[in-house]
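Below is one structure, written out as structure tokens, with a few remarks after it.
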Amino acid sequence: MAQKKASVFGVGANGRGESKGLKLSQELAKAEAWTEAILPADADAEATETDTNRRPLVVFASILAVIMVILVLRLGALQLLNGGKNLAIANGNLLRTVDTRAPRGLIYDTNGNIIAKNQPAYDITVTPSQLPAGKAQQGALYAQVGSIIGMTAAQVQAKAHATCNTDLACSQSYQPQLVKAAVSQDQALLFDQDASKLTGFALDVNPTRQYVDAGNLLAPFLGYTGRISPSELAAHPNYQPTDLIGKDGLESSYESVLKGQDGKEETEVNASGRPVKTLASQPAVAGDNIVLSIDQGLEQVMASALETQMAASHSTQAAAVAVNPNTGAILGAVSLPTYDNNAFAKGISQTAYNALVNNPGHPLFNKVTNGQYPSGSIIKPMAASAALQEGVITPSTIINDTGKLVLPNQANPSAPPAIYYGWKHSGLGPMDLFTALAQSSDIFFYTIAGGFTNLINGSGYTNFPNPLGIDRLAHYYELFGLGSKTGVDIPYESAGRVPTPAWKKAYSGQDWYLGDTYNLGIGQGDLLVTPLQMAMATSVVANGGTLLKPYFVSSITNSLGKTIKKTEPQVVRKGFVSPENLALVRQGMLQDSQSSKGTGCCSIRSDVPVLVGSKTGTAENNTAAGIMPDAWFSAFAPYNNPQIVVIVFLGKAGEGASYALPATNDILKYYFTQGAGTQFVGH
């Protein structure tokens, strides 16, 4: 029997499959008959072939070509020009990146006591590009966030749109914006409970500063941190608009050290903004710490000594600074009155700020580095150094202090002469270098600065032959660092002023007179110095001839406490006065505190257990009646191995010996009986 063929549909030619195949064949046959019926046969066609109108086809093809060109150009723009942005938008629908704030580096004093630390503050931020697209959804979201943090929906919206004023701009704004700073812990908890529903908003934990030095004595030097400003943000493009930054003092100058590196966490979220899983995480790196050369114990004693004398003299402003004359390290610095820098770190109110600005003591003004005042007689050791170095005087030079210096009128000899008085109108008598420094003879220093007085020698009295003159005197003051910034490691330092004939002519249009030189020789007139400048100038005398750059930060350590950088002494200049001449000046300063006739005697001699070189200063700051002079005192110790230089200033207090001297005495007594100076007693 012949074998039957298998069906192409996989069913045999018999059975039920066979009947289905037969039916399908019949349907196909009908279809073929239908197509044959509608196709024209050449034999039966009666229509005549004519030319086709091609114009519509050309127009259509042209339009299609233009559309294709536009599409290609648009595709190129999307891929080549805006590809990165569009990819970020697309990824933003799936990914959320959250910054993790790095802890700011800590600040310690020289003994390891914490001066500035961190505490958490909770900020509410918004990223405009992550907000819902619909206006109604956004409005409901603003109202919900506002109800949690105590703001209206309109206020929240204003913050969300602060940097973008159109829907398109906001959809492309990826930087977080601050909605409300320092919300309460209760508000932070409520927000955190609903965080998954508050699309685009985030709870930002931002470490803020807490300053813990007693009395906020270091506030003028530490500065403070605050919210970054638009101008600061432009200068620091790697910061966020919600970041905190050092605003003043050491917080500002060491910002790059203290800041640290923020971490990031990238999370996949679903369409409703709920996190699905963490894709990548980069931990935050804490900032490095700075260790100050400041001794808080000494700092407290300096402040207490100043406050006592401010009360006694009714002075409203005072400053003191202590430095190591061998390194430039600042051991203590006080500017009174001070202020609470915690108020600025937390966000000070306008009322509180106005109260500080209107305080007659000017607490926001750093008097140690920015206060510019006539120096009074504490500048005489520098003038004496210049006179010795230039050969104007020798240790045996004697000038008679009669209490006044009579200067004939050179332009008109018949006119009455000008008279310049010393602090003791009856005169101090014959003065050499040592007694002139110890008793602060104004006549002696008028003479070596400008001449025209009497010199005692073997043959009687004559005019002083070779005074310093303004050019040499001003030059040496500048060599001692006056008239220029010290370079200390905090911002906004003042340069002071060393007046010259050229300066006076430019400033007032007046000529320079010999009387101007006399005033400059005793620290009066137009001379202006800062307490820190005088500390460094006095250090030159104490250390034998080296002007150093002062500093607050002695070292930098990492988060584990390991020292990664140590501050080394930086020499500004040296050798402009010989060690031998400076040794002579130190002898005169020793007599100031040790001789019974010295203006700095005798409390220091009895209270401080080491020999001290010193100099009093009383500076007229205003010729108006009833305005008290500024009180100054400078000192270094121990005499044979100087380890500390102290400068004390009390504004409008009176005599330096009456008020600045007692404060210095208290400081040195503490340092050498209870402080770090005890190791030098007896050596």
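Order determines the names: the first chain of the structure tokens is A, the second B, and so forth; residues in each chain are numbered 1 upward, and ligands are numbered 1 upward as they are shown.
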inquiry  = as a PyMOL selection string, please: the residues near segment 624-639 of chain A (cut-off 8 Å, only C-alpha atoms, same-chain neighbours under 6 positions excluded).
reply    = chain A and resi 375-376+378+535+538-539+542+586+590+610-618+645-657+659-661+664+680
Determine which residues of segment 177-393 of chain A DSSP labels as strand (DSSP E) from the backbone of this structure, then write them out as a short mmCIF file (atom, residue, chain, number, x, y, z; two decimals) with all heavy atoms, in the first residue's frame.
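Below you can see result-v7.cif, which holds the result:
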```
data_model
loop_
_atom_site.label_atom_id
_atom_site.label_comp_id
_atom_site.auth_asym_id
_atom_site.auth_seq_id
_atom_site.Cartn_x
_atom_site.Cartn_y
_atom_site.Cartn_z
N GLN A 177 19.17 73.92 48.51
CA GLN A 177 18.97 75.27 49.01
C GLN A 177 18.46 75.20 50.46
O GLN A 177 17.70 74.30 50.80
CB GLN A 177 17.95 76.03 48.16
CG GLN A 177 18.32 76.12 46.69
CD GLN A 177 19.59 76.91 46.45
OE1 GLN A 177 19.84 77.90 47.14
NE2 GLN A 177 20.40 76.48 45.49
N LEU A 178 18.91 76.14 51.27
CA LEU A 178 18.51 76.15 52.67
C LEU A 178 17.07 76.66 52.80
O LEU A 178 16.74 77.74 52.30
CB LEU A 178 19.45 77.03 53.48
CG LEU A 178 19.19 77.10 54.98
CD1 LEU A 178 19.44 75.75 55.63
CD2 LEU A 178 20.08 78.17 55.62
N VAL A 179 16.23 75.88 53.46
CA VAL A 179 14.85 76.29 53.73
C VAL A 179 14.76 76.89 55.13
O VAL A 179 14.24 77.97 55.33
CB VAL A 179 13.88 75.11 53.58
CG1 VAL A 179 12.46 75.53 53.95
CG2 VAL A 179 13.91 74.56 52.17
N LYS A 180 15.30 76.18 56.11
CA LYS A 180 15.33 76.69 57.48
C LYS A 180 16.52 76.10 58.21
O LYS A 180 16.76 74.90 58.17
CB LYS A 180 14.03 76.34 58.22
CG LYS A 180 13.94 77.01 59.59
CD LYS A 180 12.58 76.81 60.24
CE LYS A 180 12.48 77.54 61.57
NZ LYS A 180 11.16 77.37 62.21
N ALA A 181 17.28 76.98 58.85
CA ALA A 181 18.47 76.55 59.59
C ALA A 181 18.13 76.28 61.04
O ALA A 181 17.23 76.90 61.62
CB ALA A 181 19.56 77.62 59.50
N ALA A 182 18.88 75.36 61.63
CA ALA A 182 18.83 75.09 63.07
C ALA A 182 17.40 74.88 63.57
O ALA A 182 16.95 75.53 64.51
CB ALA A 182 19.50 76.22 63.84
N VAL A 183 16.68 73.94 62.93
CA VAL A 183 15.35 73.60 63.44
C VAL A 183 15.52 72.85 64.76
O VAL A 183 16.58 72.28 65.05
CB VAL A 183 14.56 72.74 62.43
CG1 VAL A 183 14.35 73.49 61.13
CG2 VAL A 183 15.25 71.41 62.18
N PHE A 201 12.87 67.37 49.56
CA PHE A 201 13.32 67.98 50.82
C PHE A 201 14.18 66.99 51.60
O PHE A 201 14.01 65.77 51.46
CB PHE A 201 12.13 68.42 51.66
CG PHE A 201 11.40 69.61 51.11
CD1 PHE A 201 10.41 69.44 50.14
CD2 PHE A 201 11.70 70.89 51.53
CE1 PHE A 201 9.74 70.53 49.61
CE2 PHE A 201 11.04 71.98 51.02
CZ PHE A 201 10.05 71.81 50.05
N ALA A 202 15.07 67.52 52.41
CA ALA A 202 15.97 66.65 53.17
C ALA A 202 16.30 67.29 54.51
O ALA A 202 16.27 68.52 54.68
CB ALA A 202 17.26 66.40 52.39
N LEU A 203 16.60 66.43 55.48
CA LEU A 203 17.08 66.85 56.79
C LEU A 203 18.61 66.79 56.76
O LEU A 203 19.20 65.72 56.60
CB LEU A 203 16.53 65.93 57.88
CG LEU A 203 16.96 66.23 59.32
CD1 LEU A 203 16.44 67.58 59.78
CD2 LEU A 203 16.48 65.13 60.26
N ASP A 204 19.25 67.94 56.88
CA ASP A 204 20.70 68.05 56.76
C ASP A 204 21.30 68.24 58.14
O ASP A 204 20.98 69.23 58.83
CB ASP A 204 21.04 69.23 55.85
CG ASP A 204 22.51 69.27 55.48
OD1 ASP A 204 23.23 68.33 55.87
OD2 ASP A 204 22.93 70.24 54.83
N VAL A 205 22.15 67.32 58.57
CA VAL A 205 22.82 67.45 59.85
C VAL A 205 24.14 68.18 59.61
O VAL A 205 25.05 67.67 58.97
CB VAL A 205 23.09 66.08 60.50
CG1 VAL A 205 23.76 66.27 61.86
CG2 VAL A 205 21.80 65.30 60.64
N ASN A 206 24.23 69.42 60.10
CA ASN A 206 25.37 70.29 59.83
C ASN A 206 26.11 70.58 61.13
O ASN A 206 25.54 71.21 62.02
CB ASN A 206 24.87 71.60 59.21
CG ASN A 206 25.85 72.17 58.20
OD1 ASN A 206 27.00 71.78 58.17
ND2 ASN A 206 25.38 73.10 57.39
N PRO A 207 27.35 70.12 61.29
CA PRO A 207 28.07 70.38 62.54
C PRO A 207 28.32 71.88 62.72
O PRO A 207 28.88 72.52 61.83
CB PRO A 207 29.40 69.63 62.36
CG PRO A 207 29.26 68.81 61.13
CD PRO A 207 28.17 69.39 60.32
N THR A 208 27.91 72.43 63.82
CA THR A 208 28.16 73.84 64.12
C THR A 208 29.15 73.96 65.26
O THR A 208 29.33 73.04 66.05
CB THR A 208 26.87 74.59 64.48
OG1 THR A 208 26.28 73.97 65.63
CG2 THR A 208 25.88 74.55 63.33
N ARG A 209 29.80 75.12 65.33
CA ARG A 209 30.84 75.34 66.32
C ARG A 209 30.26 75.62 67.71
O ARG A 209 29.25 76.31 67.86
CB ARG A 209 31.70 76.52 65.92
CG ARG A 209 32.88 76.16 65.01
CD ARG A 209 33.75 75.13 65.63
NE ARG A 209 35.08 75.15 65.05
CZ ARG A 209 35.79 74.08 64.85
NH1 ARG A 209 35.31 72.89 65.15
NH2 ARG A 209 37.01 74.15 64.36
N GLN A 210 30.96 75.11 68.71
CA GLN A 210 30.71 75.46 70.10
C GLN A 210 32.05 75.85 70.70
O GLN A 210 32.98 75.04 70.78
CB GLN A 210 30.10 74.30 70.88
CG GLN A 210 29.76 74.68 72.32
CD GLN A 210 29.14 73.52 73.09
OE1 GLN A 210 29.19 72.38 72.65
NE2 GLN A 210 28.56 73.81 74.23
N TYR A 211 32.17 77.12 71.11
CA TYR A 211 33.41 77.63 71.67
C TYR A 211 33.33 77.54 73.19
O TYR A 211 32.38 78.03 73.81
CB TYR A 211 33.64 79.07 71.21
CG TYR A 211 33.72 79.18 69.70
CD1 TYR A 211 32.62 79.60 68.95
CD2 TYR A 211 34.88 78.82 69.02
CE1 TYR A 211 32.68 79.68 67.57
CE2 TYR A 211 34.95 78.89 67.64
CZ TYR A 211 33.85 79.32 66.91
OH TYR A 211 33.92 79.38 65.55
N THR A 225 32.26 80.61 62.74
CA THR A 225 31.76 80.06 61.47
C THR A 225 30.34 80.57 61.24
O THR A 225 29.63 80.90 62.18
CB THR A 225 31.75 78.53 61.49
OG1 THR A 225 30.91 78.07 62.57
CG2 THR A 225 33.15 77.96 61.67
N GLY A 226 29.95 80.62 59.98
CA GLY A 226 28.61 81.05 59.61
C GLY A 226 28.24 80.51 58.25
O GLY A 226 29.07 79.93 57.54
N ARG A 227 26.98 80.72 57.85
CA ARG A 227 26.50 80.23 56.56
C ARG A 227 27.25 80.92 55.43
O ARG A 227 27.49 82.12 55.46
CB ARG A 227 25.00 80.49 56.44
CG ARG A 227 24.31 79.70 55.35
CD ARG A 227 24.15 78.26 55.71
NE ARG A 227 23.42 78.08 56.96
CZ ARG A 227 23.17 76.90 57.51
NH1 ARG A 227 23.60 75.79 56.94
NH2 ARG A 227 22.51 76.82 58.65
N LEU A 244 28.60 75.70 56.06
CA LEU A 244 29.15 76.68 56.99
C LEU A 244 30.62 76.91 56.64
O LEU A 244 31.29 75.99 56.15
CB LEU A 244 29.03 76.20 58.44
CG LEU A 244 27.61 75.94 58.93
CD1 LEU A 244 27.64 75.31 60.32
CD2 LEU A 244 26.80 77.22 58.96
N ILE A 245 31.11 78.12 56.91
CA ILE A 245 32.49 78.45 56.54
C ILE A 245 33.07 79.38 57.59
O ILE A 245 32.33 80.12 58.26
CB ILE A 245 32.52 79.10 55.14
CG1 ILE A 245 33.95 79.21 54.60
CG2 ILE A 245 31.84 80.47 55.15
CD1 ILE A 245 34.02 79.64 53.14
N GLY A 246 34.39 79.36 57.76
CA GLY A 246 35.03 80.27 58.70
C GLY A 246 34.89 81.71 58.25
O GLY A 246 35.21 82.04 57.10
N GLY A 263 31.35 63.47 52.78
CA GLY A 263 31.09 62.18 52.15
C GLY A 263 29.84 62.23 51.29
O GLY A 263 29.11 63.23 51.28
N LYS A 264 29.58 61.16 50.55
CA LYS A 264 28.39 61.08 49.70
C LYS A 264 27.80 59.69 49.81
O LYS A 264 28.52 58.71 49.96
CB LYS A 264 28.74 61.39 48.24
CG LYS A 264 29.14 62.83 47.97
CD LYS A 264 29.37 63.06 46.49
CE LYS A 264 29.80 64.51 46.22
NZ LYS A 264 28.74 65.47 46.57
N GLU A 265 26.47 59.61 49.70
CA GLU A 265 25.77 58.34 49.66
C GLU A 265 24.77 58.37 48.51
O GLU A 265 23.90 59.25 48.46
CB GLU A 265 25.05 58.06 50.97
CG GLU A 265 24.43 56.67 51.04
CD GLU A 265 23.83 56.38 52.40
OE1 GLU A 265 24.56 55.85 53.27
OE2 GLU A 265 22.63 56.67 52.57
N GLU A 266 24.92 57.44 47.57
CA GLU A 266 24.04 57.37 46.40
C GLU A 266 23.05 56.24 46.60
O GLU A 266 23.43 55.08 46.82
CB GLU A 266 24.88 57.13 45.13
CG GLU A 266 24.12 57.38 43.85
CD GLU A 266 25.02 57.30 42.63
OE1 GLU A 266 25.41 56.15 42.29
OE2 GLU A 266 25.35 58.34 42.05
N THR A 267 21.77 56.60 46.56
CA THR A 267 20.70 55.65 46.85
C THR A 267 19.73 55.56 45.69
O THR A 267 19.37 56.57 45.08
CB THR A 267 19.93 56.08 48.11
OG1 THR A 267 20.85 56.26 49.18
CG2 THR A 267 18.90 55.03 48.51
N GLU A 268 19.32 54.32 45.37
CA GLU A 268 18.27 54.12 44.37
C GLU A 268 16.92 54.29 45.05
O GLU A 268 16.68 53.77 46.14
CB GLU A 268 18.37 52.72 43.76
CG GLU A 268 17.33 52.47 42.67
CD GLU A 268 17.42 51.07 42.09
OE1 GLU A 268 18.39 50.35 42.43
OE2 GLU A 268 16.53 50.69 41.31
N VAL A 269 16.04 55.07 44.41
CA VAL A 269 14.71 55.31 44.95
C VAL A 269 13.66 54.90 43.92
O VAL A 269 13.93 54.84 42.72
CB VAL A 269 14.52 56.79 45.34
CG1 VAL A 269 15.49 57.19 46.44
CG2 VAL A 269 14.69 57.70 44.13
N PRO A 275 13.55 55.13 49.32
CA PRO A 275 14.81 54.45 49.02
C PRO A 275 14.63 52.95 48.84
O PRO A 275 13.87 52.31 49.58
CB PRO A 275 15.68 54.77 50.24
CG PRO A 275 14.73 55.10 51.33
CD PRO A 275 13.54 55.71 50.68
N VAL A 276 15.33 52.43 47.83
CA VAL A 276 15.27 51.00 47.54
C VAL A 276 16.54 50.31 48.04
O VAL A 276 16.48 49.33 48.77
CB VAL A 276 15.07 50.75 46.04
CG1 VAL A 276 15.11 49.25 45.73
CG2 VAL A 276 13.76 51.37 45.57
N LYS A 277 17.70 50.87 47.64
CA LYS A 277 18.96 50.30 48.10
C LYS A 277 20.07 51.33 47.94
O LYS A 277 19.97 52.26 47.12
CB LYS A 277 19.30 49.02 47.35
CG LYS A 277 19.51 49.22 45.85
CD LYS A 277 19.86 47.90 45.18
CE LYS A 277 19.99 48.06 43.66
NZ LYS A 277 20.34 46.79 43.01
N THR A 278 21.14 51.16 48.72
CA THR A 278 22.31 52.03 48.63
C THR A 278 23.23 51.49 47.55
O THR A 278 23.63 50.32 47.59
CB THR A 278 23.05 52.10 49.97
OG1 THR A 278 22.17 52.63 50.96
CG2 THR A 278 24.29 52.98 49.86
N LEU A 279 23.57 52.35 46.58
CA LEU A 279 24.40 51.92 45.46
C LEU A 279 25.87 52.20 45.70
O LEU A 279 26.73 51.43 45.29
CB LEU A 279 23.94 52.63 44.18
CG LEU A 279 22.49 52.37 43.76
CD1 LEU A 279 22.17 53.17 42.51
CD2 LEU A 279 22.25 50.88 43.51
N ALA A 280 26.18 53.33 46.33
CA ALA A 280 27.57 53.69 46.58
C ALA A 280 27.64 54.58 47.80
O ALA A 280 26.71 55.34 48.07
CB ALA A 280 28.18 54.40 45.37
N SER A 281 28.74 54.50 48.52
CA SER A 281 28.90 55.31 49.72
C SER A 281 30.36 55.71 49.88
O SER A 281 31.26 54.87 49.77
CB SER A 281 28.45 54.54 50.96
OG SER A 281 28.62 55.31 52.13
N GLN A 282 30.58 57.02 50.07
CA GLN A 282 31.92 57.53 50.33
C GLN A 282 31.91 58.22 51.69
O GLN A 282 31.26 59.24 51.87
CB GLN A 282 32.33 58.53 49.24
CG GLN A 282 33.70 59.16 49.47
CD GLN A 282 34.02 60.22 48.43
OE1 GLN A 282 33.45 60.20 47.33
NE2 GLN A 282 34.92 61.13 48.75
N ASN A 289 42.96 69.12 62.97
CA ASN A 289 42.87 69.98 64.15
C ASN A 289 44.01 70.99 64.15
O ASN A 289 45.08 70.75 63.59
CB ASN A 289 42.96 69.13 65.43
CG ASN A 289 42.00 67.96 65.41
OD1 ASN A 289 40.83 68.12 65.08
ND2 ASN A 289 42.49 66.78 65.76
N ILE A 290 43.78 72.12 64.80
CA ILE A 290 44.88 73.07 64.99
C ILE A 290 45.14 73.22 66.49
O ILE A 290 44.22 73.25 67.31
CB ILE A 290 44.59 74.44 64.34
CG1 ILE A 290 43.32 75.09 64.88
CG2 ILE A 290 44.50 74.31 62.84
CD1 ILE A 290 43.07 76.49 64.32
N VAL A 291 46.42 73.28 66.83
CA VAL A 291 46.85 73.42 68.22
C VAL A 291 47.49 74.79 68.37
O VAL A 291 48.43 75.13 67.64
CB VAL A 291 47.86 72.32 68.61
CG1 VAL A 291 48.30 72.49 70.06
CG2 VAL A 291 47.26 70.94 68.38
N LEU A 292 46.97 75.59 69.28
CA LEU A 292 47.46 76.94 69.47
C LEU A 292 48.65 76.98 70.42
O LEU A 292 48.84 76.09 71.24
CB LEU A 292 46.34 77.84 70.02
CG LEU A 292 45.01 77.84 69.27
CD1 LEU A 292 44.07 78.87 69.89
CD2 LEU A 292 45.21 78.12 67.79
N ALA A 318 41.00 97.74 76.43
CA ALA A 318 42.33 97.32 76.84
C ALA A 318 42.78 96.13 76.02
O ALA A 318 41.96 95.41 75.42
CB ALA A 318 42.34 96.96 78.34
N ALA A 319 44.09 95.91 76.00
CA ALA A 319 44.66 94.78 75.26
C ALA A 319 45.95 94.36 75.92
O ALA A 319 46.65 95.18 76.54
CB ALA A 319 44.90 95.16 73.80
N ALA A 320 46.27 93.09 75.79
CA ALA A 320 47.55 92.57 76.26
C ALA A 320 47.95 91.42 75.35
O ALA A 320 47.09 90.67 74.87
CB ALA A 320 47.45 92.10 77.71
N VAL A 321 49.25 91.30 75.12
CA VAL A 321 49.74 90.19 74.32
C VAL A 321 51.08 89.74 74.89
O VAL A 321 51.90 90.56 75.32
CB VAL A 321 49.88 90.59 72.83
CG1 VAL A 321 50.81 91.78 72.65
CG2 VAL A 321 50.33 89.42 71.98
N ALA A 322 51.27 88.43 74.93
CA ALA A 322 52.52 87.84 75.40
C ALA A 322 53.06 86.93 74.30
O ALA A 322 52.31 86.12 73.74
CB ALA A 322 52.31 87.04 76.68
N VAL A 323 54.35 87.06 73.98
CA VAL A 323 54.95 86.24 72.93
C VAL A 323 56.26 85.64 73.42
O VAL A 323 56.89 86.15 74.35
CB VAL A 323 55.21 87.06 71.64
CG1 VAL A 323 53.92 87.68 71.12
CG2 VAL A 323 56.25 88.14 71.87
N ILE A 330 52.67 83.15 69.99
CA ILE A 330 51.85 83.98 70.85
C ILE A 330 51.36 83.13 72.02
O ILE A 330 50.62 82.17 71.83
CB ILE A 330 50.68 84.59 70.07
CG1 ILE A 330 51.22 85.50 68.96
CG2 ILE A 330 49.75 85.37 71.00
CD1 ILE A 330 50.15 86.04 68.04
N LEU A 331 51.77 83.48 73.22
CA LEU A 331 51.46 82.70 74.42
C LEU A 331 50.12 83.10 75.04
O LEU A 331 49.48 82.30 75.71
CB LEU A 331 52.58 82.87 75.45
CG LEU A 331 54.00 82.62 74.94
CD1 LEU A 331 55.01 82.89 76.05
CD2 LEU A 331 54.15 81.20 74.41
N GLY A 332 49.73 84.33 74.83
CA GLY A 332 48.46 84.83 75.35
C GLY A 332 48.10 86.11 74.63
O GLY A 332 48.99 86.89 74.26
N ALA A 333 46.81 86.33 74.41
CA ALA A 333 46.35 87.54 73.73
C ALA A 333 44.94 87.84 74.22
O ALA A 333 44.07 86.97 74.19
CB ALA A 333 46.36 87.37 72.22
N VAL A 334 44.73 89.07 74.67
CA VAL A 334 43.43 89.47 75.21
C VAL A 334 43.05 90.82 74.63
O VAL A 334 43.87 91.76 74.64
CB VAL A 334 43.47 89.56 76.76
CG1 VAL A 334 42.12 90.03 77.29
CG2 VAL A 334 43.82 88.21 77.36
N SER A 335 41.82 90.93 74.15
CA SER A 335 41.25 92.19 73.69
C SER A 335 39.93 92.39 74.42
O SER A 335 39.01 91.58 74.28
CB SER A 335 41.03 92.15 72.17
OG SER A 335 40.37 93.31 71.71
N LEU A 336 39.86 93.45 75.22
CA LEU A 336 38.67 93.68 76.05
C LEU A 336 37.99 95.00 75.70
O LEU A 336 38.68 95.97 75.38
CB LEU A 336 39.06 93.68 77.53
CG LEU A 336 39.57 92.35 78.09
CD1 LEU A 336 39.92 92.52 79.58
CD2 LEU A 336 38.57 91.24 77.92
#
```
If we count only C-alpha atoms, what is near Phe221 of chain A at a cut-off of 10 Å, once residues fewer than 2 positions away on the same chain are taken out, given as a CSV table (one decimal) with N, CA, C and O atoms, in the first residue's frame?
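Result file is selection-v3.csv:
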```
chain,number,residue,atom,x,y,z
A,217,LEU,N,37.4,84.7,75.8
A,217,LEU,CA,38.5,85.6,75.7
A,217,LEU,C,39.2,85.5,74.3
A,217,LEU,O,39.8,86.4,73.8
A,218,LEU,N,39.1,84.3,73.7
A,218,LEU,CA,39.8,84.1,72.4
A,218,LEU,C,38.9,84.4,71.2
A,218,LEU,O,39.3,84.3,70.1
A,219,ALA,N,37.7,84.9,71.4
A,219,ALA,CA,36.8,85.1,70.3
A,219,ALA,C,37.3,86.1,69.3
A,219,ALA,O,37.2,85.8,68.1
A,223,GLY,N,37.7,83.9,65.8
A,223,GLY,CA,36.6,84.2,64.9
A,223,GLY,C,35.4,83.3,65.1
A,223,GLY,O,35.2,82.9,66.2
A,224,TYR,N,34.7,83.0,64.0
A,224,TYR,CA,33.5,82.1,64.1
A,224,TYR,C,33.2,81.5,62.8
A,224,TYR,O,33.8,81.9,61.7
A,248,ASP,N,35.9,84.6,60.2
A,248,ASP,CA,36.9,85.6,60.8
A,248,ASP,C,37.9,84.8,61.6
A,248,ASP,O,37.8,83.6,61.9
A,249,GLY,N,39.0,85.5,61.9
A,249,GLY,CA,40.0,84.9,62.8
A,249,GLY,C,40.6,83.6,62.2
A,249,GLY,O,40.7,83.4,61.0
A,250,LEU,N,41.0,82.8,63.2
A,250,LEU,CA,41.7,81.5,62.8
A,250,LEU,C,40.7,80.6,62.1
A,250,LEU,O,41.1,79.8,61.2
A,251,GLU,N,39.4,80.7,62.3
A,251,GLU,CA,38.4,79.9,61.6
A,251,GLU,C,38.5,80.2,60.1
A,251,GLU,O,38.2,79.3,59.3
A,333,ALA,N,46.8,86.3,74.4
A,333,ALA,CA,46.3,87.5,73.7
A,333,ALA,C,44.9,87.8,74.2
A,333,ALA,O,44.1,87.0,74.2
A,334,VAL,N,44.7,89.1,74.7
A,334,VAL,CA,43.4,89.5,75.2
A,334,VAL,C,43.1,90.8,74.6
A,334,VAL,O,43.9,91.8,74.6
A,335,SER,N,41.8,90.9,74.2
A,335,SER,CA,41.3,92.2,73.7
A,335,SER,C,39.9,92.4,74.4
A,335,SER,O,39.0,91.6,74.3
A,366,ASN,N,39.3,94.0,67.3
A,366,ASN,CA,40.5,93.3,67.8
A,366,ASN,C,41.6,94.3,68.1
A,366,ASN,O,42.3,94.7,67.2
A,368,VAL,N,44.4,94.0,69.7
A,368,VAL,CA,45.7,93.5,69.7
A,368,VAL,C,46.3,93.6,68.3
A,368,VAL,O,47.5,94.0,68.1
A,369,THR,N,45.6,93.2,67.3
A,369,THR,CA,46.1,93.3,65.9
A,369,THR,C,45.6,94.4,65.1
A,369,THR,O,46.2,94.7,64.0
A,489,ASP,N,49.0,85.0,61.7
A,489,ASP,CA,48.1,84.0,60.9
A,489,ASP,C,46.6,84.2,61.2
A,489,ASP,O,45.9,83.2,61.3
A,490,ILE,N,46.2,85.5,61.3
A,490,ILE,CA,44.7,85.8,61.3
A,490,ILE,C,44.5,86.9,60.4
A,490,ILE,O,45.4,87.7,60.2
A,491,PRO,N,43.3,87.1,59.8
A,491,PRO,CA,43.1,88.1,58.8
A,491,PRO,C,42.9,89.5,59.4
A,491,PRO,O,42.7,89.6,60.6
A,552,PHE,N,49.7,82.1,66.0
A,552,PHE,CA,48.9,81.5,67.0
A,552,PHE,C,48.9,80.0,66.9
A,552,PHE,O,48.7,79.4,67.9
```
message = Just to confirm, what's the straight-line distance from atom CA of Ala386 of chain A to atom CA of Asn326 of chain A in Å (one decimal)?
response = 21.2 Å
query = So, counting only C-alpha atoms, which residue among A:Asp295, A:Glu390, A:Glu307, A:Asp213 is closest to Asn342 of chain A?
reply = A:Asp213
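When atom CA of Gln157 of chain A is paired with atom CA of Ala343 of chain A, their separation reads 28.3 Å.
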Residues flagged helix (DSSP H, G or I) by DSSP in segment 551-637 of chain A, as a PyMOL selection string = chain A and resi 579-594+603-607
task = Might you pull out every residue within 12 Å of Val145 of chain A, with only C-alpha atoms counted and same-chain residues fewer than 2 positions away left off, and present them as a ChimeraX atom specification?
result = /A:124-126,138-143,147-157,159-160,179-180,187-188,190-195,197-203
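Using only C-alpha atoms for every distance, the candidate list A:Asp186, A:Asp471, A:Asp123, A:Glu478 yields A:Asp471 as the residue closest to Thr500 of chain A.
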key: Shortest interatomic distance to Thr435 of chain A - which of A:Gly297, A:Gly361, A:Gly469, A:Gly598, counting only C-alpha atoms   = A:Gly598
